[in-house]
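Before any comments, here is the structure.
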Number of protein chains: 4
Amino acid sequence: MTEREDLYESPLNSRYCRGSPITEIFSERSKTEAWRQLWIWLAEAEFELGLKQICPEAIQEMRDNIKEINWPLVKSSERRLKHDVMAHNYCFGEICPKAKGIIHLGATSCYVQDNGDLINQRAALDHILVKMAVVLQRVAVFAEKNKEVITVGRTHYQTASLVTVGKRAAIWGQELLMAFEEIERFREEIRFRGIKGATGTQDSFMTLFNGDEDKVEQLDEIVTKKAGFKHKFFIAGQTYSRQQDLRLINCLATVGAVIKKISLDIRVLQALNELLEPFEENQIGSSAMPYKRNPMKNERCCSLARKLLSAPQEALGILADQGLERTLDDSANRRMLIPESFLLVEALLTTMQNIFEGLTVQKENVDKIVKDELPFLALERAMMMLTDHGGDRQVAHHVIREASLAAKEMQKTKIVSLKDIISDPFFDSIRDELLKMELEPIVFTGRCVSQVTRFLSTELYPKIQKYLTEKDIQGSVSLDV
Amino acid sequence: MTEREDLYESPLNSRYCRGSPITEIFSERSKTEAWRQLWIWLAEAEFELGLKQICPEAIQEMRDNIKEINWPLVKSSERRLKHDVMAHNYCFGEICPKAKGIIHLGATSCYVQDNGDLINQRAALDHILVKMAVVLQRVAVFAEKNKEVITVGRTHYQTASLVTVGKRAAIWGQELLMAFEEIERFREEIRFRGIKGATGTQDSFMTLFNGDEDKVEQLDEIVTKKAGFKHKFFIAGQTYSRQQDLRLINCLATVGAVIKKISLDIRVLQALNELLEPFEENQIGSSAMPYKRNPMKNERCCSLARKLLSAPQEALGILADQGLERTLDDSANRRMLIPESFLLVEALLTTMQNIFEGLTVQKENVDKIVKDELPFLALERAMMMLTDHGGDRQVAHHVIREASLAAKEMQKTKIVSLKDIISDPFFDSIRDELLKMELEPIVFTGRCVSQVTRFLSTELYPKIQKYLTEKDIQGSVSLDV
Amino acid sequence: MTEREDLYESPLNSRYCRGSPITEIFSERSKTEAWRQLWIWLAEAEFELGLKQICPEAIQEMRDNIKEINWPLVKSSERRLKHDVMAHNYCFGEICPKAKGIIHLGATSCYVQDNGDLINQRAALDHILVKMAVVLQRVAVFAEKNKEVITVGRTHYQTASLVTVGKRAAIWGQELLMAFEEIERFREEIRFRGIKGATGTQDSFMTLFNGDEDKVEQLDEIVTKKAGFKHKFFIAGQTYSRQQDLRLINCLATVGAVIKKISLDIRVLQALNELLEPFEENQIGSSAMPYKRNPMKNERCCSLARKLLSAPQEALGILADQGLERTLDDSANRRMLIPESFLLVEALLTTMQNIFEGLTVQKENVDKIVKDELPFLALERAMMMLTDHGGDRQVAHHVIREASLAAKEMQKTKIVSLKDIISDPFFDSIRDELLKMELEPIVFTGRCVSQVTRFLSTELYPKIQKYLTEKDIQGSVSLDV
Amino acid sequence: MTEREDLYESPLNSRYCRGSPITEIFSERSKTEAWRQLWIWLAEAEFELGLKQICPEAIQEMRDNIKEINWPLVKSSERRLKHDVMAHNYCFGEICPKAKGIIHLGATSCYVQDNGDLINQRAALDHILVKMAVVLQRVAVFAEKNKEVITVGRTHYQTASLVTVGKRAAIWGQELLMAFEEIERFREEIRFRGIKGATGTQDSFMTLFNGDEDKVEQLDEIVTKKAGFKHKFFIAGQTYSRQQDLRLINCLATVGAVIKKISLDIRVLQALNELLEPFEENQIGSSAMPYKRNPMKNERCCSLARKLLSAPQEALGILADQGLERTLDDSANRRMLIPESFLLVEALLTTMQNIFEGLTVQKENVDKIVKDELPFLALERAMMMLTDHGGDRQVAHHVIREASLAAKEMQKTKIVSLKDIISDPFFDSIRDELLKMELEPIVFTGRCVSQVTRFLSTELYPKIQKYLTEKDIQGSVSLDV
């Protein structure tokens with residue numbers, strides 16, 4: 001017998017998302033049950049609207065057998081018919097002899113395919129929203145905890161005006177929060193395809209209901225409601241608009257881009273000995289260099305995110321190439337693109353959660369760097385103070401630039417103090433004040449502390465609260481590999 | 001002297017968007033004036049909040065000279081300083097000696113760069129929204145006019161259940177409308193970067209205002225209000241979040257994908273002799289084949305759209321690679337990506353408008369195809385009618401499939417009628433009714449007519465009305481090349 | 001127990017490549033055996049070069065146990081160590097107690113990972129080359145068979161000067177052949193990573209061989225030769241250059257783009273009733289429209305190809321982001337990107353082969369279209385003949401353009417003959433000759449026939465011959481779903 | 001009058017490639033002259049093969065007027081005809097009354113468009129190859145100069161076994177060299193479209209030459225030779241295969257990916273104070289932080305490269321969407337994609353050259369880092385030495401891992417020496433030897449020095465020599481902005 005190890009298996013399954021609900025949501029079983037449920041709802045609604053072909057026994061039989069799936073029969077049927085919906089229709093009919101004749105009545109394949117996809121997407125979105133809220137909470141805790149830990153800002157990866165570790169984490173939090181809100185909104189607005197018929201004209205249902213448009217529209221509404229959707233498309237071809245898929249993929253890819261940014265930041269900060277991602281007790285960093293502690297979790301995030309970043313390209317192509325009432329060239333893409341984009345987000349969020357639950361500030365080194373750079377950083381404030389004393393901003397900029405570049409040169413061979421740098425009489429008016437400030441670097445961090453506090457309390461927490469249970473807040477996650 | 005023709009010039013300028021306001025919005029002049037306006041607003045706000053370095057004369061001097069730009073000086077200064085903001089700061093100061101010392105006071109380059117970009121983006125969005133509303137109106141008129149013109153639906157590019165030309169156009173309208181709504185929403189929600197300082201801590205302003213946080217926050221709010229923005233970022237590094245740029249680019253690229261879909265549809269329908277895009281009086285189709293009428297406008301749309309489709313990739317990369325408080329590796333990208341994405345949308349919308357103003361239904365041929373295919377198309381209804389008479393849906397499907405594939409075979413050599421196809425006794429119960437319907441094909445189009453009417457009146461028109469003037473509705477556009 | 005149907009599974013495995021050797025080549029088993037083989041070759045080479053730590057018994061033990069893999073132990077070890085190479089190292093050592101101490105001696109993880117990947121890539125390339133040669137042969141047979149079947153050319157999807165069905169297929173053949181040659185060249189030039197040590201300095205081997213550079217270089221060469229590679233990198237960091245991966249992915253993606261072009265061509269030609277892709281006996285085209293015969297195989301190709309087209313983006317990102325001597329952010333990408341790109345090509349080639357083995361020309365309709373369009377198409381030749389009689393090319397172009405556009409207008413309501421179109425005295429000098437030609441349309445196809453013959457005999461066949469056996473030529477492929 | 005500053009202008013022209021030959025090669029003038037030259041060659045060849053319509057006076061007239069371009073007439077003609085080739089045909093005819101009637105005789109637009117493009121591409125390639133050779137030479141000089149400068153290797157951005165600065169530069173050199181060789185090969189193999197007629201059948205030429213296939217083939221060969229191409233396509237539709245464009249774009253994008261890698265490396269190394277990119281005398285780093293020296297040149301490279309990285313996506317789409325004998329939806333793409341990809345490469349190479357001409361090693365800091373890390377780095381060698389003394393590799397790995405992670409912990413608060421780390425009796429057998437080595441760190445760099453020397457002398461220099469003049473070697477480049 002073929003074992004799993006004998007054939008290629010996507011590492012999304014075997015490595016990065018082992019045990020995740022997302023892998024179940026996008027399984028064949030889950031899809032099949034969604035299709036059957038849709039057939040049941042269709043029959044129920046047709047019955048409710050008086051279609052005499054439908055009898056309650058047929059409906060009950062379908063309900064009773066929704067989970068009875070004969071996989072070998074499904075596969076051989078599909079191989080014979082080259083049509084998955086017809087194969088499943090046939091197999092469900094085999095188990096439900098009373099319903100056999102009315103399964104799928106009036107419907108086209110996309111009734112179960114598109115609507116079934118949407119039901120699963122919605123389940124995946126609900127899961128992801130909770131997971132993302134948890135990650136946001138972890139980031140918030142880290143930001144709160146480190147909101148007063150002074151560190152050099154870095155623009156162009158070069159030291160810049162002081163910030164705090166917590167403020168930097170708040171920027172990460174804001175990026176995640178923006179992505180979270182877009183997903184939340186998409187979840188709110190997601191539209192059901194509903195009941196539209198083969199080319200979107202609902203013609204088959206007009207036949208069934210003898211041209212009664214009201215009933216046809218009611219049918220659409222009843223099934224939409226049974227499926228628990230608040231919105232549905234009114235205009236459709238055979239499928240729902242692939243623009244909705246594009247929006248979904250854009251939302252998910254944005255999470256990828258944000259996490260790639262955060263992870264790259266952490267990797268650079270670990271290179272600078274400022275942060276340290278969690279390292280497991282028995283973890284090996286390198287097979288050749290035993291002393292290594294590599295930020296492999298963040299590197300993995302960058303890697304998974306890179307893959308996710310190519311998803312919108314495919315989604316744009318699907319939308320752009322969809323021909324007339326529908327072409328099938330979206331099928332293979334959608335079978336992979338949508339589940340795998342969710343799986344990538346799932347893996348990214350799990351890893352992010354693990355990282356933020358164990359992310360360490362290398363405080364000794366952070367302090368040392370601040371100390372070394374403070375003389376230079378104080379100079380931005382010097383410029384403000386000089387103009388405050390009536391100086392010309394541009395002249396001040398020029399003098400300070402010269403003084404500091406010279407000091408940078410000196411610094412190569414000796415320790416340079418702020419006093420040294422501002423020894424020129426040009427700085428007489430502000431020297432004392434500036435030197436006094438040097439002792440209290442927190443004053444150079446501007447509004448960092450209050451920015452963090454306010455951002456968390458007024459923007460971040462209010463948006464995630466409803467998604468979190470106490471268990472989510474207390475728990476922690478470990479990584480499989 | 002170098003002429004335009006001596007150097008490469010983007011055809012977005014020289015061919016596709018000649019004379020468009022978008023080319024002005026993203027000019028050096030427009031950028032420079034936005035920067036200067038931001039310096040004026042900054043000084044005004046600082047003055048209003050009591051900063052004694054600022055005097056009204058300096059402000060007035062800046063206002064008076066906002067349009068006086070010495071381009072050669074700008075260029076030589078930038079070449080010397082390798083810093084565009086400092087170069088412009090210097091040049092503005094040269095014309096405004098009284099303001100020289102306080103221009104840019106407390107600010108970092110991104111104050112003018114990022115905020116200036118946002119001001120121009122907003123202007124471009126306002127222009128695009130009107131233009132898109134016009135195109136939507138043209139599509140709506142076409143849909144309304146052709147809502148009862150019966151045509152074969154096409155799934156897999158193969159004939160399928162009947163639709164109407166207008167219903168198909170309504171699908172195009174819905175896709176455009178969805179993209180329009182996303183742009184509208186982005187326009188509503190766009191956030192100003194505001195006043196945040198070099199690393200987002202507002203430290204320089206804390207210095208200027210002696211640690212008065214309230215004043216620093218007011219400053220941010222006053223300038224945001226002066227610039228006419230409803231929302232601003234509260235948390236920022238040196239720049240505003242590049243996730244906002246990504247959302248913008250996603251909105252614009254979606255327009256590209258939608259128009260590529262529509263144009264490809266029209267190109268295929270023109271290949272099938274069902275539609276004809278407008279052909280100018282003296283237009284030449286081919287230098288070798290004089291009889292040609294090529295859908296070159298729709299082909300151009302596909303081409304421009306394809307370019308636009310690669311934009312999100314770049315925007316995702318910009319966001320993902322933004323390091324810590326900011327890295328500069330977004331600069332060259334944003335200088336091209338944002339203006340050119342708008343220019344592409346502009347060119348696409350202009351071309352779409354021209355196409356829909358002259359799009360012709362080749363009615364004789366459309367009718368002929370319906371006539372040829374009707375016997376087959378009637379069979380879908382046959383299936384419904386058979387189940388209505390108590391038949392088994394799957395059995396009906398099977399018999400009809402066999403009968404129709406056989407008829408398709410016959411059709412190669414002779415004309416096949418519905419009567420021929422349903423000659424089998426299996427169809428006895430429904431034959432008469434079906435043959436009667438064949439005479440009135442509109443009954444096979446289901447709810448097409450009412451779908452169009454309702455979609456236009458309840459979804460499309462209400463959303464575009466406020467953007468349109470009578471002139472927009474009456475006017476028409478011609479293409480430069 | 002979890003069944004396959006309970007979890008998401010990539011349809012590349014479960015639908016599109018079931019039973020393909022590629023799925024085995026990229027299995028965990030195949031990878032593990034490659035790693036072990038590399039450890040054996042390393043030990044052999046070290047022994048041959050006199051390293052006293054290695055004894056023949058240890059080597060023999062490894063050889064004897066290469067296939068003994070304890071999967072549960074592998075997995076639990078990796079979960080503990082978070083390092084797959086070290087986990088496998090440990091597990092191999094458990095089965096090979098004598099070799100335990102010297103497995104991986106001097107090596108870094110990339111010795112087995114990178115070189116193992118290359119060994120599997122090479123196997124996949126060899127398989128793909130044969131498969132592609134088979135497809136090329138099928139296309140060639142189709143081109144040869146239809147080289148004299150006249151059909152309207154189509155530029156802009158509009159009728160244009162006549163071509164032959166075979167000539168059009170020759171264009172497809174050329175595109176595939178170009179892509180094939182690039183893969184063949186890549187296969188020829190693929191470079192082994194060899195033995196380079198942790199940061200590419202070979203320092204550990206310099207230690208092992210007491211600074212004897214010759215021996216270190218010999219070691220690299222011996223292992224490269226054992227692995228059967230003709231080329232190896234001389235300079236490396238920890239990994240081989242990811243530019244080589246990029247070239248591989250570019251080669252594979254090019255196959256995708258070519259097949260998307262061919263399949264889109266066939267889909268459009270099937271919409272025009274000129275071609276028909278093979279349709280299985282029991283295949284169902286639509287669940288709602290039983291008469292449908294959809295080109296779903298070609299649509300599938302477009303879909304799979306679209307996915308493949310996004311692969312280069314990822315490969316470019318991997319190369320661009322590789323930091324210094326190596327960063328790990330290529331890992332998750334390469335685990336999926338390389339196997340899945342091969343699987344996509346595999347699925348595409350299988351489907352293409354099936355399509356060309358059953359592709360049918362709908363001759364009756366092709367002939368009819370030629371007949372209808374011939375009067376117009378003859379006009380290109382008219383232009384040449386007029387200049388041959390001393391006419392001005394541009395004047396001729398103008399007159400013919402007017403005449404033909406008028407005729408197109410007439411054609412809507414009646415059948416238009418060439419005689420009608422050239423009734424103007426302007427055509428007097430060439431009328432008779434042209435009308436005579438009309439009877440023999442093959443003269444309007446220029447060099448089509450000889451182009452096909454010569455292309456196949458001088459370019460296509462010579463390049464594929466060595467890859468084909470008689471069995472490949474006679475066989476045929478069926479599709480699973 | 002509209003000034004350049006009043007309209008959007010691509011910064012590729014106005015900022016990054018000012019004065020570059022590439023901007024001229026892709027100008028309207030250059031294109032127009034190429035078209036005219038092709039018309040001259042066509043007429044010459046037709047005359048040589050005995051076509052009586054062509055007279056020497058007409059040819060001479062065209063030669064004499066090749067540079068006389070009436071731009072306003074060109075533009076108004078194109079606006080009227082909506083066809084650029086016909087517009088230019090007309091305008092050239094206006095200046096050349098004798099040739100008027102035979103310009104473009106037998107040809108289709110793609111004769112001048114495609115072949116003209118190829119002539120310009122070839123010119124651009126020749127320029128880029130020289131430029132790239134210069135950059136390679138600069139990198140080689142840097143590598144040679146620093147081949148013995150010891151520095152810590154970095155894997156995962158974390159310190160790893162020692163390398164030399166020159167060895168690291170050799171890796172950069174190898175990546176560039178690989179990309180260079182692909183461009184060189186493409187230049188060698190580039191195929192001319194030649195003379196193929198409207199749908200590739202050469203039918204119009206068969207008419208002109210009364211069905212003499214030999215003459216038609218000679219014509220194709222003569223023009224190809226006149227244009228200086230070694231290879232031509234034998235099979236074509238209306239255009240040459242867009243797969244050739246894809247190969248070109250892949251070559252150029254690869255340069256982008258390589259330079260993004262190199263620039264990111266330098267940026268990280270500048271963050272670590274190991275390297276410093278050249279900083280101009282008056283350059284301003286930041287408008288707010290006067291002390292800043294930002295690696296803006298390398299950041300610019302990353303930005304331009306990112307744009308280039310999206311080019312293959314577009315080229316793949318062009319190839320994949322090309323329909324049947326040709327569709328026009330490649331036109332707008334190719335007008336921008338090809339010139340702009342060359343311009344991006346040009347800008348990248350200019351910037352790279354400038355960077356390597358002034359790249360500085362911050363030796364004091366490099367040495368300091370080596371000193372701090374050496375105790376850990378020596379441990380890799382310790383592992384080898386222990387196995388050399390009969391130890392088990394995995395046991396050694398384990399002990400060393402424990403010892404070094406503990407030492408890393410200690411290092412936070414005090415300086416840690418190698419002696420401290422290997423104090424355990426486990427290391428008795430190798431302690432003395434290892435401590436001796438510590439004094440001479442070059443021994444830990446393995447074969448770095450000889451790798452650099454050999455790579456440069458046997459791989460890099462031989463491949464670039466023929467492109468370089470003494471002037472290229474001596475010169476230097478400055479950046480405009």
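Each chain in the structure tokens gets a letter, A, B, ..., in the order shown, and its residues are numbered from 1; ligands are numbered from 1 in order too.
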* To do: Please identify every residue of chain D that has at least one atom no more than 6 Å from any atom of chain C, counting only C-alpha atoms, and report them as number ranges by chain.
  => D: 101, 154-156, 201-203, 257-258, 260-261, 265, 316, 320-321, 323-327, 392-393, 446-448
* To do: Name all residues at most 8 Å from Leu374 (chain B) (count only C-alpha atoms; drop same-chain ones fewer than 2 positions away) and give them as a ChimeraX atom specification.
  => /B:370-372,376-378,418,438,441
Please, could you write that set of residues out with C-alpha atoms as a PDB file, in the first residue's frame?
```pdb
ATOM      1  CA  VAL B 370     -30.238  31.688 -31.853  1.00  0.00           C
ATOM      2  CA  LYS B 371     -32.304  30.047 -34.547  1.00  0.00           C
ATOM      3  CA  ASP B 372     -29.690  27.382 -35.207  1.00  0.00           C
ATOM      4  CA  PHE B 376     -30.731  22.203 -28.380  1.00  0.00           C
ATOM      5  CA  LEU B 377     -31.321  24.946 -25.893  1.00  0.00           C
ATOM      6  CA  ALA B 378     -34.947  23.989 -25.545  1.00  0.00           C
ATOM      7  CA  LEU B 418     -36.269  20.440 -32.401  1.00  0.00           C
ATOM      8  CA  GLU B 438     -39.871  27.207 -29.686  1.00  0.00           C
ATOM      9  CA  PRO B 441     -37.765  32.141 -27.673  1.00  0.00           C
TER      10      PRO B 441
END
```
* So which residues touch region 15-24 of chain A within 8 Å, counting only C-alpha atoms, skipping near sequence neighbours fewer than 3 positions away, as a list in words? -> Pro11, Leu12, Ser27, Ser30, Ala124, His127, Pro339, Phe342, Leu343, Glu346, Ala347, Asp480 and Val481 of chain A; Asp6, Leu7 and Tyr8 of chain C
Next, the residues of the selection above should be written as a PDB file, in the first residue's frame with N, CA and C atoms.
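Below you can see part.pdb, which holds the result:
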```
ATOM      1  N   PRO A  11       3.609  20.356   2.003  1.00  0.00           N
ATOM      2  CA  PRO A  11       4.024  20.586   3.395  1.00  0.00           C
ATOM      3  C   PRO A  11       3.052  21.483   4.157  1.00  0.00           C
ATOM      4  N   LEU A  12       2.146  22.142   3.442  1.00  0.00           N
ATOM      5  CA  LEU A  12       1.108  22.877   4.172  1.00  0.00           C
ATOM      6  C   LEU A  12       0.312  21.906   5.028  1.00  0.00           C
ATOM      7  N   SER A  27     -11.503  19.885   3.071  1.00  0.00           N
ATOM      8  CA  SER A  27     -11.373  18.478   2.688  1.00  0.00           C
ATOM      9  C   SER A  27     -12.479  18.086   1.714  1.00  0.00           C
ATOM     10  N   SER A  30     -15.765  17.647   3.702  1.00  0.00           N
ATOM     11  CA  SER A  30     -16.450  18.892   4.014  1.00  0.00           C
ATOM     12  C   SER A  30     -17.166  19.419   2.773  1.00  0.00           C
ATOM     13  N   ALA A 124     -13.888  29.193   7.198  1.00  0.00           N
ATOM     14  CA  ALA A 124     -12.456  29.467   7.319  1.00  0.00           C
ATOM     15  C   ALA A 124     -12.228  30.895   7.795  1.00  0.00           C
ATOM     16  N   HIS A 127     -12.777  31.170  11.505  1.00  0.00           N
ATOM     17  CA  HIS A 127     -11.634  30.634  12.244  1.00  0.00           C
ATOM     18  C   HIS A 127     -10.457  31.603  12.225  1.00  0.00           C
ATOM     19  N   PRO A 339      -8.098  27.276  -0.820  1.00  0.00           N
ATOM     20  CA  PRO A 339      -7.669  26.556   0.387  1.00  0.00           C
ATOM     21  C   PRO A 339      -6.230  26.869   0.783  1.00  0.00           C
ATOM     22  N   PHE A 342      -5.705  30.189   2.503  1.00  0.00           N
ATOM     23  CA  PHE A 342      -6.118  30.088   3.906  1.00  0.00           C
ATOM     24  C   PHE A 342      -5.095  29.310   4.731  1.00  0.00           C
ATOM     25  N   LEU A 343      -4.597  28.217   4.179  1.00  0.00           N
ATOM     26  CA  LEU A 343      -3.616  27.423   4.922  1.00  0.00           C
ATOM     27  C   LEU A 343      -2.348  28.241   5.183  1.00  0.00           C
ATOM     28  N   GLU A 346      -3.085  30.575   7.945  1.00  0.00           N
ATOM     29  CA  GLU A 346      -3.141  29.792   9.185  1.00  0.00           C
ATOM     30  C   GLU A 346      -1.729  29.514   9.720  1.00  0.00           C
ATOM     31  N   ALA A 347      -0.853  29.046   8.841  1.00  0.00           N
ATOM     32  CA  ALA A 347       0.514  28.743   9.267  1.00  0.00           C
ATOM     33  C   ALA A 347       1.230  30.002   9.737  1.00  0.00           C
ATOM     34  N   ASP A 480       4.782  22.477  15.520  1.00  0.00           N
ATOM     35  CA  ASP A 480       4.984  21.065  15.272  1.00  0.00           C
ATOM     36  C   ASP A 480       6.429  20.803  14.840  1.00  0.00           C
ATOM     37  N   VAL A 481       6.881  21.547  13.881  1.00  0.00           N
ATOM     38  CA  VAL A 481       8.279  21.395  13.401  1.00  0.00           C
ATOM     39  C   VAL A 481       8.927  22.772  13.334  1.00  0.00           C
TER      40      VAL A 481
ATOM     41  N   ASP C   6     -10.577  13.341   4.598  1.00  0.00           N
ATOM     42  CA  ASP C   6     -10.895  14.156   5.768  1.00  0.00           C
ATOM     43  C   ASP C   6     -10.063  15.432   5.853  1.00  0.00           C
ATOM     44  N   LEU C   7      -9.008  15.483   5.067  1.00  0.00           N
ATOM     45  CA  LEU C   7      -8.124  16.640   5.117  1.00  0.00           C
ATOM     46  C   LEU C   7      -7.903  17.171   3.713  1.00  0.00           C
ATOM     47  N   TYR C   8      -7.634  18.436   3.639  1.00  0.00           N
ATOM     48  CA  TYR C   8      -7.295  19.010   2.339  1.00  0.00           C
ATOM     49  C   TYR C   8      -6.137  18.246   1.732  1.00  0.00           C
TER      50      TYR C   8
END
```
* Please provide the set of residues having any atom within 8 Å of Pro295 (chain A), restricted to only C-alpha atoms, with same-chain residues fewer than 6 positions apart removed, written as a PyMOL selection string. => (chain A and resi 267+270+276-277) or (chain D and resi 156)
* **Counting only C-alpha atoms, the option among A:Ile369, A:Ala58, A:Val112, A:Ile473 closest to Glu33 (chain A)** => A:Val112
